[in-house]
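Visitor: What follows is query_38.tsv, made up of TSV, C-alpha atoms and all ligand atoms:
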```
chain	number	residue	atom	x	y	z
D	57	MET	CA	26.08	-5.87	6.61
D	58	LYS	CA	27.06	-4.00	3.46
D	59	ASP	CA	28.99	-0.77	4.02
D	60	LEU	CA	27.67	2.00	1.76
D	61	LYS	CA	30.49	4.47	2.40
D	62	ASP	CA	31.66	6.12	-0.86
D	63	LYS	CA	29.16	4.10	-2.92
D	64	VAL	CA	27.32	5.98	-5.67
D	65	VAL	CA	23.55	6.22	-5.21
D	66	PHE	CA	21.26	7.55	-7.97
D	67	ILE	CA	17.87	8.83	-6.74
D	68	THR	CA	15.01	9.94	-8.98
D	69	GLY	CA	12.43	12.27	-7.48
D	70	ALA	CA	14.89	13.57	-4.88
D	71	THR	CA	13.26	16.99	-4.44
D	72	SER	CA	10.44	15.92	-2.13
D	73	GLY	CA	8.98	13.25	0.14
D	74	ILE	CA	10.47	9.76	0.09
D	75	GLY	CA	13.27	10.57	-2.37
D	76	ARG	CA	14.43	13.56	-0.31
D	77	SER	CA	14.43	11.56	2.94
D	78	ALA	CA	16.37	8.75	1.24
D	79	ALA	CA	18.95	11.30	0.02
D	80	PHE	CA	19.56	12.38	3.64
D	81	LYS	CA	19.88	8.80	4.89
D	82	PHE	CA	22.25	7.71	2.10
D	83	ALA	CA	24.32	10.88	2.65
D	84	GLU	CA	24.46	10.09	6.38
D	85	SER	CA	25.89	6.67	5.38
D	86	GLY	CA	28.69	8.41	3.46
D	87	CYS	CA	27.36	7.78	-0.08
D	88	LYS	CA	28.07	9.88	-3.15
D	89	LEU	CA	24.78	11.04	-4.58
D	90	ILE	CA	23.32	11.65	-8.01
D	91	LEU	CA	20.03	13.47	-7.45
D	92	ALA	CA	17.51	13.78	-10.28
D	93	ALA	CA	14.19	15.64	-10.59
D	94	ARG	CA	12.69	18.52	-12.55
D	95	ARG	CA	12.85	21.36	-10.00
D	96	LYS	CA	16.35	22.83	-10.28
D	97	GLU	CA	16.11	25.23	-7.32
D	98	ARG	CA	15.17	22.44	-4.95
D	99	LEU	CA	17.94	20.22	-6.32
D	100	ASP	CA	20.50	23.00	-5.89
D	101	SER	CA	19.56	23.72	-2.29
D	102	LEU	CA	19.42	20.02	-1.40
D	103	GLN	CA	22.86	19.52	-2.96
D	104	SER	CA	24.35	22.36	-0.86
D	105	GLU	CA	22.66	21.17	2.33
D	106	LEU	CA	23.85	17.56	1.96
D	107	MET	CA	27.41	18.51	1.00
D	108	GLU	CA	27.67	20.91	3.93
D	109	LYS	CA	26.04	18.65	6.53
D	110	PHE	CA	27.60	15.29	5.59
D	111	GLY	CA	30.73	16.25	3.58
D	112	VAL	CA	29.71	13.95	0.70
D	113	ASP	CA	29.95	14.55	-3.08
D	114	VAL	CA	26.60	15.31	-4.69
D	115	ILE	CA	25.79	15.96	-8.34
D	116	THR	CA	22.38	16.88	-9.69
D	117	MET	CA	20.51	16.15	-12.90
D	118	VAL	CA	17.61	18.37	-13.89
D	119	LEU	CA	15.52	15.96	-15.90
D	120	ASP	CA	12.05	14.69	-16.58
D	121	VAL	CA	12.01	10.88	-16.37
D	122	ARG	CA	9.31	10.86	-19.08
D	123	ASN	CA	11.78	12.18	-21.63
D	124	TYR	CA	14.06	9.34	-22.76
D	125	SER	CA	16.54	11.54	-24.59
D	126	GLU	CA	16.99	13.80	-21.52
D	127	VAL	CA	17.59	10.76	-19.32
D	128	ASP	CA	19.94	9.12	-21.82
D	129	LYS	CA	21.96	12.35	-22.30
D	130	ALA	CA	22.32	13.00	-18.55
D	131	VAL	CA	23.38	9.43	-17.76
D	132	SER	CA	25.76	9.16	-20.71
D	133	GLU	CA	27.57	12.30	-19.50
D	134	LEU	CA	28.58	10.49	-16.28
D	135	HIS	CA	32.28	9.68	-16.12
D	136	GLY	CA	34.81	7.81	-13.98
D	137	GLU	CA	33.73	6.96	-10.44
D	138	TRP	CA	30.20	8.28	-11.06
D	139	THR	CA	29.50	5.38	-13.45
D	140	LYS	CA	29.98	2.88	-10.61
D	141	ILE	CA	26.35	3.26	-9.56
D	142	GLU	CA	25.72	0.94	-6.64
D	143	VAL	CA	22.09	1.83	-5.90
D	144	LEU	CA	19.42	3.10	-8.28
D	145	LEU	CA	16.37	4.31	-6.35
D	146	ASN	CA	13.53	4.52	-8.87
D	147	ASN	CA	11.29	6.73	-6.78
D	148	ALA	CA	9.95	9.51	-9.07
D	149	GLY	CA	6.23	9.03	-9.40
D	150	LEU	CA	2.83	10.57	-8.90
D	151	ALA	CA	-0.92	10.19	-8.90
D	152	ARG	CA	-3.12	12.61	-10.81
D	153	GLY	CA	-6.84	12.84	-10.13
D	154	PHE	CA	-9.28	10.53	-8.38
D	155	SER	CA	-12.08	9.67	-10.84
D	156	LYS	CA	-14.16	6.80	-12.07
D	157	VAL	CA	-12.51	5.20	-15.08
D	158	HIS	CA	-15.20	6.37	-17.51
D	159	GLU	CA	-14.83	9.94	-16.26
D	160	GLY	CA	-11.03	10.05	-16.12
D	161	SER	CA	-8.78	12.56	-17.86
D	162	LEU	CA	-6.57	11.35	-20.71
D	163	ASP	CA	-3.90	13.85	-19.67
D	164	ASP	CA	-3.87	12.45	-16.13
D	165	TRP	CA	-3.64	8.87	-17.42
D	166	ASN	CA	-0.79	9.72	-19.76
D	167	GLU	CA	1.12	11.56	-17.04
D	168	MET	CA	0.84	8.66	-14.57
D	169	ILE	CA	1.74	5.97	-17.08
D	170	ASP	CA	4.55	8.03	-18.63
D	171	THR	CA	6.07	8.84	-15.22
D	172	ASN	CA	5.45	5.77	-13.07
D	173	VAL	CA	5.92	3.10	-15.75
D	174	LYS	CA	7.82	4.46	-18.75
D	175	GLY	CA	9.97	6.86	-16.68
D	176	LEU	CA	11.07	4.05	-14.38
D	177	LEU	CA	11.89	1.92	-17.44
D	178	PHE	CA	13.80	4.74	-19.17
D	179	VAL	CA	16.04	5.41	-16.16
D	180	SER	CA	16.56	1.68	-15.59
D	181	LYS	CA	17.50	1.10	-19.23
D	182	CYS	CA	20.18	3.80	-19.00
D	183	VAL	CA	21.61	2.86	-15.58
D	184	ILE	CA	21.42	-0.95	-15.33
D	185	PRO	CA	24.05	-1.52	-18.09
D	186	PHE	CA	26.67	0.10	-15.79
D	187	MET	CA	25.65	-2.30	-13.02
D	188	VAL	CA	25.86	-5.33	-15.30
D	189	LYS	CA	29.27	-4.17	-16.58
D	190	ASN	CA	30.54	-3.74	-13.00
D	191	ASN	CA	28.74	-6.93	-11.88
D	192	SER	CA	27.53	-4.99	-8.85
D	193	GLY	CA	24.47	-2.92	-8.03
D	194	HIS	CA	21.02	-2.72	-6.54
D	195	VAL	CA	17.82	-1.44	-8.15
D	196	ILE	CA	15.24	-0.34	-5.58
D	197	ASN	CA	11.85	0.47	-7.07
D	198	ILE	CA	9.21	2.36	-5.12
D	199	GLY	CA	5.92	0.59	-5.77
D	200	SER	CA	2.88	0.94	-3.51
D	201	ILE	CA	0.14	-0.94	-1.71
D	202	ALA	CA	-1.68	0.19	-4.88
D	203	GLY	CA	0.51	-2.30	-6.76
D	204	HIS	CA	-1.07	-5.15	-4.79
D	205	GLU	CA	-4.64	-3.93	-4.46
D	206	VAL	CA	-7.03	-1.61	-6.28
D	207	TYR	CA	-9.32	1.00	-4.74
D	208	PRO	CA	-12.29	2.88	-6.26
D	209	ASN	CA	-11.19	5.87	-8.37
D	210	GLY	CA	-7.58	4.67	-8.20
D	211	ASN	CA	-7.83	2.73	-11.48
D	212	VAL	CA	-4.90	4.05	-13.55
D	213	TYR	CA	-2.61	4.91	-10.62
D	214	CYS	CA	-3.14	1.37	-9.27
D	215	ALA	CA	-2.49	-0.06	-12.75
D	216	SER	CA	0.77	1.87	-12.97
D	217	LYS	CA	1.91	0.49	-9.62
D	218	HIS	CA	0.86	-3.06	-10.59
D	219	ALA	CA	3.12	-2.50	-13.61
D	220	VAL	CA	5.98	-1.51	-11.29
D	221	ASP	CA	5.46	-4.81	-9.45
D	222	ALA	CA	5.62	-6.77	-12.74
D	223	ILE	CA	8.65	-4.84	-13.97
D	224	THR	CA	10.45	-5.45	-10.66
D	225	LYS	CA	9.85	-9.20	-10.89
D	226	GLY	CA	10.95	-9.21	-14.53
D	227	MET	CA	14.10	-7.25	-13.72
D	228	ARG	CA	15.02	-9.72	-11.01
D	229	MET	CA	14.65	-12.61	-13.46
D	230	ASP	CA	16.58	-10.87	-16.23
D	231	LEU	CA	19.43	-10.02	-13.85
D	232	THR	CA	19.93	-13.52	-12.50
D	233	GLY	CA	23.49	-14.63	-13.24
D	234	THR	CA	24.75	-11.16	-12.23
D	235	ALA	CA	25.35	-9.79	-8.75
D	236	VAL	CA	22.74	-7.06	-9.29
D	237	ARG	CA	19.93	-7.12	-6.72
D	238	VAL	CA	16.35	-5.93	-7.25
D	239	THR	CA	13.97	-4.79	-4.52
D	240	THR	CA	10.57	-3.16	-4.37
D	241	ILE	CA	9.41	-1.13	-1.39
D	242	ASP	CA	5.61	-0.83	-1.37
D	243	PRO	CA	4.26	1.68	1.15
D	244	GLY	CA	0.72	2.42	2.22
D	245	LEU	CA	-0.16	5.98	3.25
D	246	VAL	CA	2.87	8.27	3.56
D	247	GLU	CA	2.56	11.99	4.24
D	248	THR	CA	4.45	13.78	1.45
D	249	GLU	CA	3.49	16.15	-1.37
D	250	PHE	CA	1.79	13.17	-3.06
D	251	GLY	CA	-1.76	14.35	-2.21
D	252	LEU	CA	-1.03	17.95	-3.22
D	253	VAL	CA	0.17	16.70	-6.59
D	254	ARG	CA	-2.77	14.31	-6.98
D	255	TYR	CA	-5.25	17.15	-6.32
D	256	ARG	CA	-3.23	19.83	-8.14
D	257	GLY	CA	-2.45	21.98	-5.11
D	258	ASP	CA	-5.78	21.59	-3.24
D	259	ALA	CA	-4.45	21.26	0.33
D	260	ASP	CA	-7.85	20.41	1.85
D	261	LYS	CA	-8.40	17.47	-0.50
D	262	ALA	CA	-4.77	16.40	-0.05
D	263	LYS	CA	-5.34	16.06	3.73
D	264	THR	CA	-8.40	13.81	3.40
D	265	ALA	CA	-6.28	10.65	3.08
D	266	TYR	CA	-4.77	11.24	6.53
D	267	VAL	CA	-7.85	12.35	8.49
D	268	GLY	CA	-7.99	10.73	11.96
D	269	MET	CA	-4.94	8.52	11.41
D	270	LYS	CA	-1.16	8.74	11.58
D	271	PRO	CA	0.42	8.01	8.19
D	272	LEU	CA	3.97	6.80	7.64
D	273	SER	CA	6.61	9.50	7.37
D	274	PRO	CA	8.99	9.62	4.40
D	275	ASP	CA	11.77	8.76	6.88
D	276	ASP	CA	9.97	5.49	7.73
D	277	VAL	CA	10.16	4.52	4.05
D	278	ALA	CA	13.77	5.69	3.76
D	279	ASP	CA	14.63	3.40	6.72
D	280	ALA	CA	13.27	0.41	4.76
D	281	ILE	CA	15.27	1.51	1.71
D	282	ILE	CA	18.49	1.68	3.74
D	283	TYR	CA	17.70	-1.69	5.36
D	284	SER	CA	17.40	-3.30	1.90
D	285	ALA	CA	20.55	-1.65	0.59
D	286	THR	CA	22.71	-2.65	3.56
D	287	ARG	CA	21.97	-6.39	3.66
D	288	ASP	CA	24.82	-8.76	2.96
D	289	GLU	CA	25.60	-8.99	-0.77
D	290	ASN	CA	24.06	-12.48	-1.05
D	291	VAL	CA	20.76	-11.33	0.45
D	292	VAL	CA	17.98	-9.90	-1.71
D	293	VAL	CA	15.13	-8.17	0.07
D	294	ALA	CA	12.69	-8.86	-2.76
D	295	GLN	CA	9.77	-6.86	-1.43
D	296	ILE	CA	8.74	-4.85	1.60
D	297	VAL	CA	5.11	-3.82	2.12
D	298	LEU	CA	5.18	-1.05	4.71
D	299	LEU	CA	1.98	0.18	6.39
D	300	PRO	CA	1.14	2.56	9.24
D	301	VAL	CA	-0.43	0.75	12.18
D	302	ALA	CA	-3.90	2.16	11.42
D	303	GLN	CA	-3.87	0.76	7.88
D	304	ALA	CA	-4.58	-2.92	7.13
D	305	SER	CA	-5.04	-2.71	3.36
D	306	ALA	CA	-5.55	-0.07	0.67
D	307	MET	CA	-9.21	0.21	1.75
D	308	VAL	CA	-9.13	-0.60	5.47
D	309	VAL	CA	-7.92	2.36	7.51
D	310	TYR	CA	-8.95	2.96	11.11
D	311	ARG	CA	-9.73	6.63	11.72
D	312	GLU	CA	-10.33	8.32	15.09
D	313	ASN	CA	-13.40	10.57	15.00
N	1	LIG	P1	6.22	13.63	-3.66
N	1	LIG	O1	5.26	14.33	-4.54
N	1	LIG	O2	6.54	14.24	-2.34
N	1	LIG	O3	7.60	13.38	-4.46
N	1	LIG	C1	7.58	12.94	-5.79
N	1	LIG	C2	8.96	13.17	-6.42
N	1	LIG	O4	8.91	12.67	-7.77
N	1	LIG	C3	9.35	14.63	-6.49
N	1	LIG	O5	10.70	14.76	-6.12
N	1	LIG	C4	9.16	14.99	-7.96
N	1	LIG	O6	10.16	15.95	-8.32
N	1	LIG	C5	9.48	13.65	-8.63
N	1	LIG	N1	8.89	13.54	-9.96
N	1	LIG	C6	7.58	13.49	-10.28
N	1	LIG	N2	7.45	13.45	-11.62
N	1	LIG	C7	8.71	13.46	-12.13
N	1	LIG	C8	9.22	13.45	-13.45
N	1	LIG	N3	8.40	13.41	-14.53
N	1	LIG	N4	10.55	13.48	-13.64
N	1	LIG	C9	11.39	13.52	-12.57
N	1	LIG	N5	10.96	13.53	-11.30
N	1	LIG	C10	9.64	13.52	-11.09
N	1	LIG	O7	5.64	12.16	-3.46
N	1	LIG	P2	6.19	10.85	-2.70
N	1	LIG	O8	7.50	11.09	-2.06
N	1	LIG	O9	5.06	10.35	-1.88
N	1	LIG	O10	6.33	9.87	-3.95
N	1	LIG	C11	7.49	9.12	-4.22
N	1	LIG	C12	7.09	7.76	-4.73
N	1	LIG	O11	6.41	7.05	-3.70
N	1	LIG	C13	6.14	7.76	-5.93
N	1	LIG	O12	6.55	6.77	-6.85
N	1	LIG	C14	4.78	7.39	-5.32
N	1	LIG	O13	3.94	6.78	-6.25
N	1	LIG	C15	5.25	6.44	-4.23
N	1	LIG	N6	4.31	6.19	-3.14
N	1	LIG	C16	3.84	7.22	-2.36
N	1	LIG	C17	2.97	6.95	-1.32
N	1	LIG	C18	2.37	8.03	-0.48
N	1	LIG	O14	1.36	7.77	0.21
N	1	LIG	N7	2.93	9.24	-0.47
N	1	LIG	C19	2.60	5.57	-0.98
N	1	LIG	C20	3.15	4.57	-1.86
N	1	LIG	C21	3.99	4.88	-2.87
N	1	LIG	P3	9.97	17.18	-9.33
N	1	LIG	O15	8.52	17.62	-9.24
N	1	LIG	O16	10.96	18.20	-8.85
N	1	LIG	O17	10.32	16.63	-10.67
N	2	LIG	C1	0.10	5.85	-2.65
N	2	LIG	C2	-0.77	5.26	-1.60
N	2	LIG	O1	-3.11	4.45	-1.07
N	2	LIG	O2	-2.90	6.57	-2.24
N	2	LIG	O3	0.65	4.88	-3.49
N	2	LIG	O4	-2.47	4.50	-3.38
N	2	LIG	S1	-2.38	5.20	-2.11
```
Show me the file's structure as structure tokens.
Guide:
Amino acid sequence: MKDLKDKVVFITGATSGIGRSAAFKFAESGCKLILAARRKERLDSLQSELMEKFGVDVITMVLDVRNYSEVDKAVSELHGEWTKIEVLLNNAGLARGFSKVHEGSLDDWNEMIDTNVKGLLFVSKCVIPFMVKNNSGHVINIGSIAGHEVYPNGNVYCASKHAVDAITKGMRMDLTGTAVRVTTIDPGLVETEFGLVRYRGDADKAKTAYVGMKPLSPDDVADAIIYSATRDENVVVAQIVLLPVAQASAMVVYREN
């Protein structure tokens, strides 16, 4: 089992949900953390909480993964030990809206594609060269069941997660011949701020996905992330599809009345 103590872990989308839970679990394992997201106040309080609770070093990057020059600047300012990034968790992502394709919003489409696809690529392009140079590292992409299946009104979100699946497979091919590992973790329903973001703050609509069923928690997903990251160095967990027991596919969810 790989020991993560003192390893540098870079997490995008650390201010909420899956990214936040992963930050706690990596900190508990003794990792040094680079936490990135747009909301500075949340990053600052998470940094203080993790440093105080686990005694680990934490730095933060206030950035929007959609902005290549912001990402490039923040990563190029890393020095010394912080450039030995062992794990990149490409987690920042979102859904916007829930509409038929011919009724969809261009702004929503652009935001999903720019964040989930181009943002993941931008961060990867800036970080992976350090891993190749060090001949060590692990890229963990957060995909989705929506990267394997499509559901009505999910069109562009599902397309963006299918793209994450293709990019993950391509990364793994392009990194053969190095010791860099590539994993995708593809959850079904997880209760986070995802629904609130999708429905722009409408809490009633956000809850509809979880009516009558128990979704995964962000900690369940973080457990799978830690499992992948701690396998022996010759072992690549290529993909984990993680579902709550009531969910059999994107469309088949058992709900108690
Ligand atoms: P949350 O909304 O709780 O968290 C999303 C995180 O992404 C936040 O920290 C947010 O930070 C960050 N983020 C969003 N846009 C940007 C951006 N442009 N630049 C930087 N950071 C950004 O949702 P989840 O934890 O559920 O989502 C995490 C990942 O999991 C996403 O990729 C999502 O698609 C995926 N997923 C979620 C599932 C679910 O059911 N919840 C199921 C399957 C996959 P900030 O706003 O501060 O920038
Ligand atoms: C998030 C899960 O089912 O809303 O990726 O697409 S779902």
Visitor: In the coordinate frame of the file, compute which residues have an atom within 12 Å of (-0.3, 5.0, 8.0) when using only C-alpha atoms, and state them as a ChimeraX atom specification.
Guide: /D:201,243-248,265-274,276-277,297-311
Visitor: With all atoms listed in the file as the atoms that count, which of D:Ala151, D:Ile196, D:Val291, D:Ala130 lies nearest to Cys182 in chain D?
Guide: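 With all atoms listed in the file as the atom set, the closest residue is D:Ala130.
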Visitor: Skip Val220 in chain D itself and residues of its chain fewer than 2 positions away, then list as a PyMOL selection string all residues within 12 Å of it, counting only C-alpha atoms.
Guide: chain D and resi 146-149+168-169+171-177+180+196-204+213-218+222-227+238-242+295
Visitor: Could you list, as number ranges by chain, every residue within 9 Å of His194 in chain D, counting all atoms listed in the file and ignoring same-chain residues fewer than 5 positions away?
Guide: D: 141-145, 184, 187, 235-239, 285
Visitor: One decimal, Å: what's the distance from atom C5 of ligand LIG 1 (chain N) over to CA of Glu159 in chain D, could you say?
Guide: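 The value is 25.7 Å.
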Visitor: In Å, rounded to a single decimal, give me how far CA of Phe186 in chain D is from CA of Leu60 in chain D.
Guide: 17.7 Å
Visitor: Would you please work out which residue, of D:Ala278, D:Val157, D:Ala262, D:Val121, is nearest to Asn209 in chain D when using only C-alpha atoms?
Guide: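 Distance minimum relative to Asn209 in chain D lands on D:Val157.
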Visitor: Need the shell around Glu137 in chain D: protein/DNA/RNA residues with any atom at most 10 Å away, counting all atoms listed in the file. Skip same-chain ones fewer than 4 positions apart. Format as a PDB file with C-alpha atoms, in the coordinates of the input?
Guide:
```pdb
ATOM      1  CA  ASP D  62      31.660   6.120  -0.860  1.00  0.00           C
ATOM      2  CA  LYS D  63      29.160   4.100  -2.920  1.00  0.00           C
ATOM      3  CA  VAL D  64      27.320   5.980  -5.670  1.00  0.00           C
ATOM      4  CA  LYS D  88      28.070   9.880  -3.150  1.00  0.00           C
ATOM      5  CA  ILE D 141      26.350   3.260  -9.560  1.00  0.00           C
TER       6      ILE D 141
END
```
Visitor: To one decimal place in Å, what is the distance between atom O11 of ligand LIG 1 (chain N) and CA of Val206 in chain D?
Guide: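 The value is 16.2 Å.
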Visitor: Which residue, D:Gly251, D:Gly193, D:Pro208, D:Gly257, has the smallest gap to ligand LIG 1 (chain N) when you use only C-alpha atoms and all ligand atoms?
Guide: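 Nearest to ligand LIG 1 (chain N): D:Gly251.
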Visitor: Write out as AutoDock Vina command-line options an axis-aligned box for range 292-308 of chain D: all of its atoms listed in the file, 5 Å added on each side, centre and edge lengths in Å with one decimal.
Guide:
```
--center_x 4.4 --center_y -3.7 --center_z 4.7 --size_x 37.2 --size_y 22.5 --size_z 24.9
```
